[in-house]
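As provided, run_12.pdb (PDB, C-alpha atoms) reads as follows.
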```pdb
ATOM      1  CA  MET A   1     -35.256   9.175  66.576
ATOM      2  CA  LYS A   2     -37.258  10.865  63.832
ATOM      3  CA  LYS A   3     -34.729  13.706  63.822
ATOM      4  CA  TYR A   4     -31.833  11.284  63.195
ATOM      5  CA  LEU A   5     -33.803   9.464  60.512
ATOM      6  CA  LEU A   6     -34.530  12.768  58.735
ATOM      7  CA  PHE A   7     -30.828  13.702  58.932
ATOM      8  CA  PHE A   8     -29.847  10.323  57.467
ATOM      9  CA  ILE A   9     -32.353  10.721  54.620
ATOM     10  CA  LEU A  10     -31.073  14.226  53.832
ATOM     11  CA  LEU A  11     -27.468  13.022  53.899
ATOM     12  CA  LEU A  12     -28.266  10.103  51.610
ATOM     13  CA  THR A  13     -30.121  12.430  49.229
ATOM     14  CA  PHE A  14     -27.093  14.751  49.140
ATOM     15  CA  ILE A  15     -24.707  11.877  48.382
ATOM     16  CA  ILE A  16     -26.933  10.557  45.601
ATOM     17  CA  SER A  17     -27.212  14.070  44.161
ATOM     18  CA  CYS A  18     -23.429  14.441  44.149
ATOM     19  CA  LYS A  19     -23.029  11.080  42.421
ATOM     20  CA  GLU A  20     -25.581  12.047  39.793
ATOM     21  CA  LYS A  21     -23.713  15.284  39.131
ATOM     22  CA  GLU A  22     -20.419  13.388  38.816
ATOM     23  CA  SER A  23     -22.033  10.994  36.345
ATOM     24  CA  ASN A  24     -22.808  13.948  34.076
ATOM     25  CA  TYR A  25     -19.081  14.337  33.364
ATOM     26  CA  SER A  26     -17.481  12.465  30.482
ATOM     27  CA  PRO A  27     -13.751  11.738  30.205
ATOM     28  CA  LEU A  28     -11.833  14.317  28.175
ATOM     29  CA  VAL A  29      -8.904  12.796  26.241
ATOM     30  CA  LEU A  30      -6.270  14.997  24.554
ATOM     31  CA  GLN A  31      -3.992  14.247  21.608
ATOM     32  CA  THR A  32      -1.623  16.704  19.875
ATOM     33  CA  ASP A  33       1.652  16.984  17.986
ATOM     34  CA  PHE A  34       2.820  19.690  20.438
ATOM     35  CA  SER A  35       5.147  17.495  22.557
ATOM     36  CA  LEU A  36       5.657  18.443  26.215
ATOM     37  CA  LYS A  37       8.670  20.692  25.612
ATOM     38  CA  ASP A  38       6.785  23.922  26.298
ATOM     39  CA  SER A  39       3.590  25.241  27.848
ATOM     40  CA  ALA A  40       1.133  24.451  25.036
ATOM     41  CA  VAL A  41      -0.415  21.315  26.570
ATOM     42  CA  ALA A  42      -0.503  22.858  30.051
ATOM     43  CA  SER A  43      -2.379  25.828  28.569
ATOM     44  CA  MET A  44      -4.976  23.466  27.139
ATOM     45  CA  TYR A  45      -5.348  21.803  30.541
ATOM     46  CA  GLY A  46      -5.835  25.250  32.086
ATOM     47  CA  VAL A  47      -8.616  26.118  29.662
ATOM     48  CA  ALA A  48     -10.385  22.806  30.345
ATOM     49  CA  VAL A  49     -10.134  23.221  34.121
ATOM     50  CA  GLY A  50     -11.393  26.781  33.705
ATOM     51  CA  VAL A  51     -14.524  25.407  32.053
ATOM     52  CA  ASP A  52     -15.058  23.038  34.979
ATOM     53  CA  PRO A  53     -12.485  21.973  37.614
ATOM     54  CA  LYS A  54     -14.277  18.644  38.113
ATOM     55  CA  LEU A  55     -13.401  17.427  34.621
ATOM     56  CA  ARG A  56     -11.390  14.217  34.294
ATOM     57  CA  ILE A  57      -8.650  14.955  31.738
ATOM     58  CA  TYR A  58      -6.351  12.322  30.217
ATOM     59  CA  ASP A  59      -3.554  12.302  27.648
ATOM     60  CA  LEU A  60      -3.626   9.989  24.661
ATOM     61  CA  THR A  61      -0.280  11.281  23.379
ATOM     62  CA  HIS A  62       1.375  14.607  22.613
ATOM     63  CA  GLU A  63       4.162  12.999  20.573
ATOM     64  CA  ILE A  64       2.488  12.704  17.177
ATOM     65  CA  PRO A  65       5.213  13.672  14.657
ATOM     66  CA  PRO A  66       4.753  17.337  13.683
ATOM     67  CA  PHE A  67       2.039  17.867  11.054
ATOM     68  CA  ASN A  68       1.447  14.090  10.682
ATOM     69  CA  ILE A  69      -2.341  13.964  10.311
ATOM     70  CA  TRP A  70      -2.160  10.317   9.223
ATOM     71  CA  GLU A  71      -0.554   9.158  12.467
ATOM     72  CA  GLY A  72      -2.942  11.278  14.522
ATOM     73  CA  ALA A  73      -5.844   9.562  12.786
ATOM     74  CA  LEU A  74      -4.362   6.138  13.493
ATOM     75  CA  ARG A  75      -3.660   6.746  17.182
ATOM     76  CA  LEU A  76      -7.226   7.910  17.711
ATOM     77  CA  ASN A  77      -8.552   4.773  16.072
ATOM     78  CA  GLU A  78      -6.243   2.484  18.052
ATOM     79  CA  THR A  79      -7.389   3.983  21.337
ATOM     80  CA  ALA A  80     -11.009   5.131  21.118
ATOM     81  CA  ARG A  81     -12.755   1.754  21.306
ATOM     82  CA  TYR A  82     -11.289   1.113  24.768
ATOM     83  CA  TRP A  83     -12.965   4.242  26.194
ATOM     84  CA  PRO A  84     -16.590   4.338  27.352
ATOM     85  CA  LYS A  85     -19.498   5.780  25.431
ATOM     86  CA  GLY A  86     -19.663   9.558  25.845
ATOM     87  CA  THR A  87     -15.882  10.088  25.978
ATOM     88  CA  VAL A  88     -14.789  13.327  24.302
ATOM     89  CA  PHE A  89     -11.529  13.222  22.336
ATOM     90  CA  VAL A  90      -9.749  16.434  21.375
ATOM     91  CA  SER A  91      -7.179  15.835  18.629
ATOM     92  CA  VAL A  92      -5.055  18.720  17.388
ATOM     93  CA  VAL A  93      -2.717  17.921  14.520
ATOM     94  CA  ASP A  94      -3.423  21.027  12.530
ATOM     95  CA  PRO A  95      -0.900  22.202   9.907
ATOM     96  CA  GLY A  96      -3.729  24.269   8.370
ATOM     97  CA  VAL A  97      -4.476  26.209  11.560
ATOM     98  CA  GLY A  98      -6.095  29.566  10.824
ATOM     99  CA  THR A  99      -7.058  28.640   7.255
ATOM    100  CA  ASP A 100     -10.509  27.779   5.925
ATOM    101  CA  ARG A 101     -10.407  24.118   7.006
ATOM    102  CA  LYS A 102     -13.448  23.408   9.181
ATOM    103  CA  SER A 103     -13.397  22.906  12.960
ATOM    104  CA  VAL A 104     -15.793  20.093  13.778
ATOM    105  CA  VAL A 105     -17.168  17.681  16.347
ATOM    106  CA  LEU A 106     -17.997  14.201  15.104
ATOM    107  CA  LYS A 107     -20.407  11.978  17.019
ATOM    108  CA  THR A 108     -19.925   8.304  16.204
ATOM    109  CA  LYS A 109     -22.609   5.654  16.094
ATOM    110  CA  THR A 110     -20.975   4.257  19.244
ATOM    111  CA  GLY A 111     -21.655   7.514  21.128
ATOM    112  CA  HIS A 112     -18.077   8.883  21.234
ATOM    113  CA  TYR A 113     -17.193  12.490  20.349
ATOM    114  CA  PHE A 114     -14.162  13.802  18.427
ATOM    115  CA  VAL A 115     -13.235  17.496  18.419
ATOM    116  CA  THR A 116     -10.707  18.280  15.706
ATOM    117  CA  PRO A 117      -9.980  20.067  12.452
ATOM    118  CA  ASP A 118     -11.630  18.286   9.531
ATOM    119  CA  ASN A 119      -8.358  17.568   7.729
ATOM    120  CA  GLY A 120      -8.262  13.764   7.541
ATOM    121  CA  THR A 121      -7.891  13.153  11.283
ATOM    122  CA  LEU A 122     -11.255  11.370  11.307
ATOM    123  CA  THR A 123     -10.468   8.937   8.461
ATOM    124  CA  PHE A 124     -10.217   5.729  10.474
ATOM    125  CA  ILE A 125     -12.734   6.641  13.173
ATOM    126  CA  ALA A 126     -15.356   7.255  10.482
ATOM    127  CA  ASP A 127     -14.692   3.795   9.025
ATOM    128  CA  SER A 128     -14.460   1.850  12.282
ATOM    129  CA  MET A 129     -17.058   3.533  14.523
ATOM    130  CA  GLY A 130     -19.425   5.009  11.964
ATOM    131  CA  VAL A 131     -20.586   8.613  11.717
ATOM    132  CA  GLU A 132     -23.809   9.560  13.468
ATOM    133  CA  GLU A 133     -23.430  13.272  12.654
ATOM    134  CA  VAL A 134     -20.828  15.999  12.205
ATOM    135  CA  ARG A 135     -21.275  19.563  13.454
ATOM    136  CA  GLU A 136     -19.154  22.612  12.676
ATOM    137  CA  ILE A 137     -17.993  24.480  15.779
ATOM    138  CA  ASP A 138     -19.722  27.856  16.087
ATOM    139  CA  GLU A 139     -16.818  30.004  17.270
ATOM    140  CA  ALA A 140     -19.133  32.879  18.122
ATOM    141  CA  VAL A 141     -20.203  30.944  21.230
ATOM    142  CA  ASN A 142     -17.760  28.026  21.509
ATOM    143  CA  ARG A 143     -14.451  29.839  21.714
ATOM    144  CA  LEU A 144     -12.338  30.952  24.668
ATOM    145  CA  THR A 145     -13.267  34.502  25.699
ATOM    146  CA  ASN A 146     -10.979  37.225  24.310
ATOM    147  CA  SER A 147      -9.078  34.827  22.033
ATOM    148  CA  GLN A 148     -10.449  36.134  18.728
ATOM    149  CA  GLU A 149      -7.187  37.867  17.804
ATOM    150  CA  SER A 150      -5.254  34.582  18.039
ATOM    151  CA  TYR A 151      -5.096  32.680  14.747
ATOM    152  CA  THR A 152      -2.525  29.956  15.464
ATOM    153  CA  PHE A 153      -3.595  28.149  18.657
ATOM    154  CA  HIS A 154      -7.055  26.779  17.995
ATOM    155  CA  GLY A 155      -6.153  23.751  20.120
ATOM    156  CA  ARG A 156      -6.369  26.003  23.169
ATOM    157  CA  ASP A 157      -8.870  28.602  21.997
ATOM    158  CA  VAL A 158     -11.431  26.448  20.169
ATOM    159  CA  TYR A 159     -10.953  22.687  20.415
ATOM    160  CA  VAL A 160     -10.215  22.023  24.074
ATOM    161  CA  TYR A 161     -12.633  24.769  25.098
ATOM    162  CA  THR A 162     -15.454  23.179  23.095
ATOM    163  CA  GLY A 163     -14.448  19.668  24.138
ATOM    164  CA  ALA A 164     -14.415  20.631  27.814
ATOM    165  CA  LYS A 165     -17.881  22.201  27.579
ATOM    166  CA  LEU A 166     -19.177  19.061  25.919
ATOM    167  CA  ALA A 167     -17.520  16.721  28.450
ATOM    168  CA  ALA A 168     -18.808  18.794  31.387
ATOM    169  CA  ASN A 169     -22.334  18.737  29.936
ATOM    170  CA  LYS A 170     -22.381  22.534  29.682
ATOM    171  CA  ILE A 171     -23.430  22.287  26.047
ATOM    172  CA  THR A 172     -25.243  19.600  24.091
ATOM    173  CA  PHE A 173     -23.928  18.187  20.845
ATOM    174  CA  GLU A 174     -26.580  20.203  19.022
ATOM    175  CA  GLN A 175     -25.213  23.412  20.599
ATOM    176  CA  VAL A 176     -21.769  22.841  19.051
ATOM    177  CA  GLY A 177     -22.921  24.424  15.798
ATOM    178  CA  LYS A 178     -24.653  23.685  12.517
ATOM    179  CA  SER A 179     -24.955  20.149  11.183
ATOM    180  CA  LEU A 180     -22.677  19.103   8.318
ATOM    181  CA  GLY A 181     -24.378  15.753   7.815
ATOM    182  CA  THR A 182     -22.157  12.681   7.892
ATOM    183  CA  ASN A 183     -19.287  13.581   5.558
ATOM    184  CA  VAL A 184     -15.704  14.194   6.696
ATOM    185  CA  THR A 185     -12.393  14.627   4.882
ATOM    186  CA  MET A 186     -10.832  11.213   4.230
ATOM    187  CA  ILE A 187      -7.238  10.261   3.450
ATOM    188  CA  ASP A 188      -6.970   7.820   0.545
ATOM    189  CA  TYR A 189      -5.194   4.518   1.270
ATOM    190  CA  VAL A 190      -5.220   0.849   0.237
ATOM    191  CA  LYS A 191      -7.994  -1.059   2.017
ATOM    192  CA  ALA A 192      -7.302  -4.618   3.131
ATOM    193  CA  LYS A 193      -8.651  -7.254   0.728
ATOM    194  CA  PHE A 194      -8.083 -10.764  -0.654
ATOM    195  CA  GLU A 195      -8.175 -11.121  -4.423
ATOM    196  CA  ASN A 196      -6.983 -13.848  -6.778
ATOM    197  CA  GLY A 197      -4.877 -15.525  -4.110
ATOM    198  CA  VAL A 198      -3.181 -12.300  -2.944
ATOM    199  CA  PHE A 199      -3.739 -10.348   0.265
ATOM    200  CA  TYR A 200      -3.419  -6.576  -0.140
ATOM    201  CA  ALA A 201      -3.154  -4.047   2.683
ATOM    202  CA  ASN A 202      -1.724  -0.756   3.830
ATOM    203  CA  ILE A 203       1.193  -0.298   6.254
ATOM    204  CA  PRO A 204      -0.398   2.360   8.469
ATOM    205  CA  ILE A 205       2.048   2.490  11.350
ATOM    206  CA  LEU A 206       5.201   1.017  12.896
ATOM    207  CA  ASP A 207       5.559  -0.454  16.343
ATOM    208  CA  ILE A 208       7.979   2.414  16.820
ATOM    209  CA  GLN A 209      10.011   1.240  19.790
ATOM    210  CA  TYR A 210      10.964  -2.059  18.136
ATOM    211  CA  GLY A 211      10.690  -1.338  14.415
ATOM    212  CA  ASN A 212       8.003  -3.949  13.793
ATOM    213  CA  VAL A 213       5.937  -3.312  10.668
ATOM    214  CA  TRP A 214       2.192  -3.307  11.352
ATOM    215  CA  THR A 215      -0.301  -3.683   8.526
ATOM    216  CA  SER A 216      -4.044  -3.171   8.179
ATOM    217  CA  LEU A 217      -4.543  -6.820   7.154
ATOM    218  CA  PRO A 218      -6.922  -8.469   9.658
ATOM    219  CA  ARG A 219      -6.116 -11.878  11.101
ATOM    220  CA  GLN A 220      -9.659 -13.057  10.437
ATOM    221  CA  LEU A 221      -9.470 -12.218   6.733
ATOM    222  CA  MET A 222      -6.324 -14.326   6.427
ATOM    223  CA  ILE A 223      -7.688 -17.228   8.491
ATOM    224  CA  ASP A 224     -10.922 -17.211   6.483
ATOM    225  CA  ASN A 225      -8.857 -17.556   3.307
ATOM    226  CA  GLY A 226      -6.719 -20.499   4.322
ATOM    227  CA  ILE A 227      -3.770 -18.949   6.166
ATOM    228  CA  LYS A 228      -2.609 -20.617   9.394
ATOM    229  CA  VAL A 229       0.319 -20.397  11.784
ATOM    230  CA  GLY A 230       3.215 -22.406  10.371
ATOM    231  CA  ASP A 231       2.674 -21.299   6.766
ATOM    232  CA  MET A 232       5.525 -19.800   4.762
ATOM    233  CA  LEU A 233       4.491 -16.523   3.155
ATOM    234  CA  ASN A 234       5.965 -14.476   0.327
ATOM    235  CA  ILE A 235       5.925 -10.754   1.089
ATOM    236  CA  LYS A 236       6.238  -7.771  -1.240
ATOM    237  CA  ILE A 237       6.389  -4.253   0.219
ATOM    238  CA  TYR A 238       5.896  -1.149  -1.921
ATOM    239  CA  ASN A 239       6.154   2.586  -1.398
ATOM    240  CA  SER A 240       3.749   3.901  -4.026
ATOM    241  CA  ASP A 241       4.770   1.796  -7.048
ATOM    242  CA  MET A 242       8.371   1.154  -5.989
ATOM    243  CA  LEU A 243       9.193  -2.329  -4.672
ATOM    244  CA  VAL A 244      11.175  -1.758  -1.455
ATOM    245  CA  TRP A 245      11.533  -5.301  -0.100
ATOM    246  CA  THR A 246      10.520  -8.850  -0.902
ATOM    247  CA  GLY A 247      11.173 -12.091   0.937
ATOM    248  CA  ASP A 248       9.773 -15.257   2.457
ATOM    249  CA  VAL A 249       8.861 -15.351   6.141
ATOM    250  CA  PRO A 250       7.172 -17.926   8.399
ATOM    251  CA  LEU A 251       3.919 -17.063  10.155
ATOM    252  CA  VAL A 252       4.419 -17.784  13.872
ATOM    253  CA  ASN A 253       2.721 -17.005  17.164
ATOM    254  CA  THR A 254       5.477 -14.944  18.740
ATOM    255  CA  PHE A 255       9.005 -13.630  18.285
ATOM    256  CA  GLY A 256      10.817 -16.428  20.104
ATOM    257  CA  ASP A 257       9.412 -19.013  17.683
ATOM    258  CA  VAL A 258      12.302 -18.198  15.320
ATOM    259  CA  LYS A 259      16.033 -17.828  15.882
ATOM    260  CA  GLU A 260      17.480 -14.509  17.022
ATOM    261  CA  ASN A 261      17.898 -12.060  14.105
ATOM    262  CA  ASP A 262      15.526 -14.086  11.872
ATOM    263  CA  ASN A 263      12.542 -12.497  10.140
ATOM    264  CA  LEU A 264       9.017 -13.507  11.108
ATOM    265  CA  ALA A 265       5.359 -12.725  10.516
ATOM    266  CA  TYR A 266       2.797 -12.689  13.326
ATOM    267  CA  PHE A 267      -0.563 -11.263  14.342
ATOM    268  CA  ASN A 268      -0.060  -8.226  16.565
ATOM    269  CA  SER A 269      -2.031  -7.037  19.602
ATOM    270  CA  GLU A 270      -4.590  -5.432  17.269
ATOM    271  CA  LEU A 271      -5.005  -8.857  15.588
ATOM    272  CA  ASN A 272      -3.550  -7.582  12.338
ATOM    273  CA  PHE A 273      -0.729  -9.057  10.249
ATOM    274  CA  ALA A 274       2.744  -7.756  11.124
ATOM    275  CA  LEU A 275       6.429  -8.320  10.344
ATOM    276  CA  ALA A 276       9.367  -8.299  12.735
ATOM    277  CA  VAL A 277      12.919  -9.430  13.405
ATOM    278  CA  ASN A 278      13.428 -11.455  16.584
ATOM    279  CA  ILE A 279      15.562  -9.157  18.782
ATOM    280  CA  GLY A 280      15.987  -6.773  15.861
ATOM    281  CA  ASN A 281      14.419  -3.915  13.908
ATOM    282  CA  PHE A 282      12.645  -4.837  10.656
ATOM    283  CA  SER A 283      11.996  -1.225   9.671
ATOM    284  CA  GLN A 284      15.626  -0.146   9.953
ATOM    285  CA  ARG A 285      17.035  -3.338   8.457
ATOM    286  CA  TYR A 286      15.003  -3.042   5.248
ATOM    287  CA  GLN A 287      14.147   0.680   5.237
ATOM    288  CA  VAL A 288      10.435  -0.061   5.394
ATOM    289  CA  PHE A 289       8.257   2.710   6.813
ATOM    290  CA  SER A 290       4.573   3.596   7.042
ATOM    291  CA  GLY A 291       1.947   5.967   5.712
ATOM    292  CA  PRO A 292      -0.771   6.126   3.063
ATOM    293  CA  SER A 293       1.698   5.362   0.245
ATOM    294  CA  TRP A 294       3.085   2.176   1.864
ATOM    295  CA  ARG A 295       1.429  -1.130   0.993
ATOM    296  CA  ILE A 296       2.007  -4.865   1.251
ATOM    297  CA  GLU A 297       1.147  -7.952  -0.786
ATOM    298  CA  VAL A 298       1.118 -11.406   0.826
ATOM    299  CA  ILE A 299       0.928 -14.807  -0.912
ATOM    300  CA  LYS A 300       0.959 -18.264   0.659
ATOM    301  CA  LYS A 301       3.818 -20.313  -0.769
TER     302      LYS A 301
END
```
Can you present the structure in this file as structure tokens?
Amino acid sequence: MKKYLLFFILLLTFIISCKEKESNYSPLVLQTDFSLKDSAVASMYGVAVGVDPKLRIYDLTHEIPPFNIWEGALRLNETARYWPKGTVFVSVVDPGVGTDRKSVVLKTKTGHYFVTPDNGTLTFIADSMGVEEVREIDEAVNRLTNSQESYTFHGRDVYVYTGAKLAANKITFEQVGKSLGTNVTMIDYVKAKFENGVFYANIPILDIQYGNVWTSLPRQLMIDNGIKVGDMLNIKIYNSDMLVWTGDVPLVNTFGDVKENDNLAYFNSELNFALAVNIGNFSQRYQVFSGPSWRIEVIKK
């Protein structure tokens, strides 16, 4: 009987040990502008698995428009808060690859990690999650072996390699490299505000599949300043200083609250102000797009 009890205790100890080891692994989430047309993403997966085959690797997206740092920054910010503390994100939208732009890992105040070139990719994460510390990747130790002669694929050779080591708990955050404090490169854009009866905001992104125009204007800011569903709103949309479109739209709960092909305003799934056409494409109809130069003004009629 004692023999069986000892066996059971040893087995239980082994299982607990395995679970503890598994708990040391953080999710590794990849984002790039590479697409899936060739072997680039698969190569990054191979490097990560080579660091540790037990890693859990996920894709955020690999369809960021080529060189579009702004959209890469936005997609990170849209996604990161839904992932648990400790998750390591590797984001490679890197038109300056091989130049003197820094390769960094940012640790947020929420305990998430972002491995990326410091080229503006961290703009929204820094604002929304806060910056605990930024460290520059020391490529003398945190770079794929025998990759030093490659200057144009840091996503494979530096970023996913470092991210995988961090996610697998093979290095600490402090072992990434020297501290850069809390500053990162930021992209300039219009911040959401309410001033003298006017709401101002940026148009950061489109709901691409449907052409809905998403803004950075929070629902709560509008509600706190007297806006409610059922109001008629006057909209002005600018690209830099050029007025692109103006019109009046009702604020409703959902698309079917207006007739087919009618314009509407609503609060999207991120609880921000948005514009759409019921069974139509607002962006194409009015040639309204997104980016740091696109902005919106909203007034209650």
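Evaluated against the shown file, the PyMOL selection byres ((chain A and resi 136) around 7) gives Lys102, Ser103, Val104, Val105, Val134, Arg135, Ile137, Asp138, Val176, Gly177, Lys178, Ser179 and Leu180 of chain A.
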Could you tell me which residues the PyMOL selection byres ((chain A and resi 203-208) around 6) returns for this structure, as a list in words?
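In the shown coordinates, the PyMOL selection byres ((chain A and resi 203-208) around 6) covers Asn202, Gln209, Tyr210, Gly211, Asn212, Val213, Trp214, Thr215, Ser290, Gly291, Trp294 and Arg295 of chain A.
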Take the residues that were just selected and, keeping C-alpha atoms, output them as a compact mmCIF listing (two decimals), in the frame of the given file.
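Result file is result_34.txt:
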```txt
# COMPACT_ATOMS: atom_id res chain seq x y z
CA ASN A 202 -1.72 -0.76 3.83
CA GLN A 209 10.01 1.24 19.79
CA TYR A 210 10.96 -2.06 18.14
CA GLY A 211 10.69 -1.34 14.42
CA ASN A 212 8.00 -3.95 13.79
CA VAL A 213 5.94 -3.31 10.67
CA TRP A 214 2.19 -3.31 11.35
CA THR A 215 -0.30 -3.68 8.53
CA SER A 290 4.57 3.60 7.04
CA GLY A 291 1.95 5.97 5.71
CA TRP A 294 3.08 2.18 1.86
CA ARG A 295 1.43 -1.13 0.99
```
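Among the candidates A:Val288, A:Val190, A:Val298, A:Ile237, the one nearest to Asn225 of chain A when counting only C-alpha atoms is A:Val298.
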Could you tell me which of A:Asp59, A:Thr32, A:Glu133, A:Arg143 comes closest to Pro95 of chain A if we count all atoms listed in the file?
A:Thr32
Show me the residues around (10.8, -2.6, 0.6) - criterion: an atom at most 7 Å away, all atoms listed in the file counted - as a tab-separated table (two decimals) with C-alpha atoms, keeping the file's coordinate frame.
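That gives us out_37.tsv:
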```tsv
chain	number	residue	atom	x	y	z
A	237	ILE	CA	6.39	-4.25	0.22
A	238	TYR	CA	5.90	-1.15	-1.92
A	243	LEU	CA	9.19	-2.33	-4.67
A	244	VAL	CA	11.18	-1.76	-1.46
A	245	TRP	CA	11.53	-5.30	-0.10
A	246	THR	CA	10.52	-8.85	-0.90
A	286	TYR	CA	15.00	-3.04	5.25
A	287	GLN	CA	14.15	0.68	5.24
A	288	VAL	CA	10.44	-0.06	5.39
```
Quick check on the file I pasted: which residues fall under the PyMOL selection byres ((chain A and resi 30) around 9)? Write them as a PyMOL selection string.
chain A and resi 28-29+31-32+41+44+57-62+88-92+160
So which residues touch Asp248 of chain A within 9 Å, counting all atoms listed in the file, skipping near sequence neighbours fewer than 6 positions away, as a PDB file with C-alpha atoms, keeping the file's coordinate frame?
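Contents of the output file around.pdb:
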```
ATOM      1  CA  MET A 232       5.525 -19.800   4.762  1.00  0.00           C
ATOM      2  CA  LEU A 233       4.491 -16.523   3.155  1.00  0.00           C
ATOM      3  CA  ASN A 234       5.965 -14.476   0.327  1.00  0.00           C
ATOM      4  CA  ILE A 235       5.925 -10.754   1.089  1.00  0.00           C
ATOM      5  CA  ASN A 263      12.542 -12.497  10.140  1.00  0.00           C
ATOM      6  CA  LEU A 264       9.017 -13.507  11.108  1.00  0.00           C
ATOM      7  CA  LYS A 301       3.818 -20.313  -0.769  1.00  0.00           C
TER       8      LYS A 301
END
```
Close residues, segment 145-154 of chain A itself excluded, 10 Å, all atoms listed in the file, min 5 positions apart in chain, as a list in words
Ala40, Met44, Val92, Asp94, Pro95, Gly96, Val97, Gly98, Thr99, Ser103, Thr116, Pro117, Glu139, Ala140, Tyr159, Val160 and Tyr161 of chain A
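Once only C-alpha atoms are considered, the residues situated within 10 Å of the file point (-21.3, 17.9, 25.9) turn out to be Asn24, Tyr25, Ser26, Gly86, Thr87, Val88, Tyr113, Thr162, Gly163, Ala164, Lys165, Leu166, Ala167, Ala168, Asn169, Lys170, Ile171, Thr172, Phe173, Glu174, Gln175 and Val176 of chain A.
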Could you work out how far atom CA of Leu144 of chain A lies from atom CA of Gly111 of chain A, giving the answer in Å with one decimal?
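One can read the atom CA of Gly111 of chain A to atom CA of Leu144 of chain A distance as 25.5 Å.
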Near Leu122 of chain A, within 9 Å and counting all atoms listed in the file, which residues show up once chain neighbours fewer than 5 positions away are dropped, as a PyMOL selection string?
chain A and resi 72-74+76-77+106+114+116-117+127+184-187
In Å, with one decimal, what is the gap from atom CA of Ser35 of chain A to atom CA of Val47 of chain A?
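For atom CA of Ser35 of chain A relative to atom CA of Val47 of chain A, the distance reads 17.7 Å.
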Long-range neighbours of Val252 of chain A as a VMD selection string, 12 Å cut-off, all atoms listed in the file, 3 positions minimum in chain
chain A and resid 227 to 233 249 255 to 259 262 to 268 273 to 278
Please report the interatomic distance between atom CA of Val158 of chain A and atom CA of Thr182 of chain A in Å with one decimal.
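Going from atom CA of Val158 of chain A over to atom CA of Thr182 of chain A, I get 21.3 Å.
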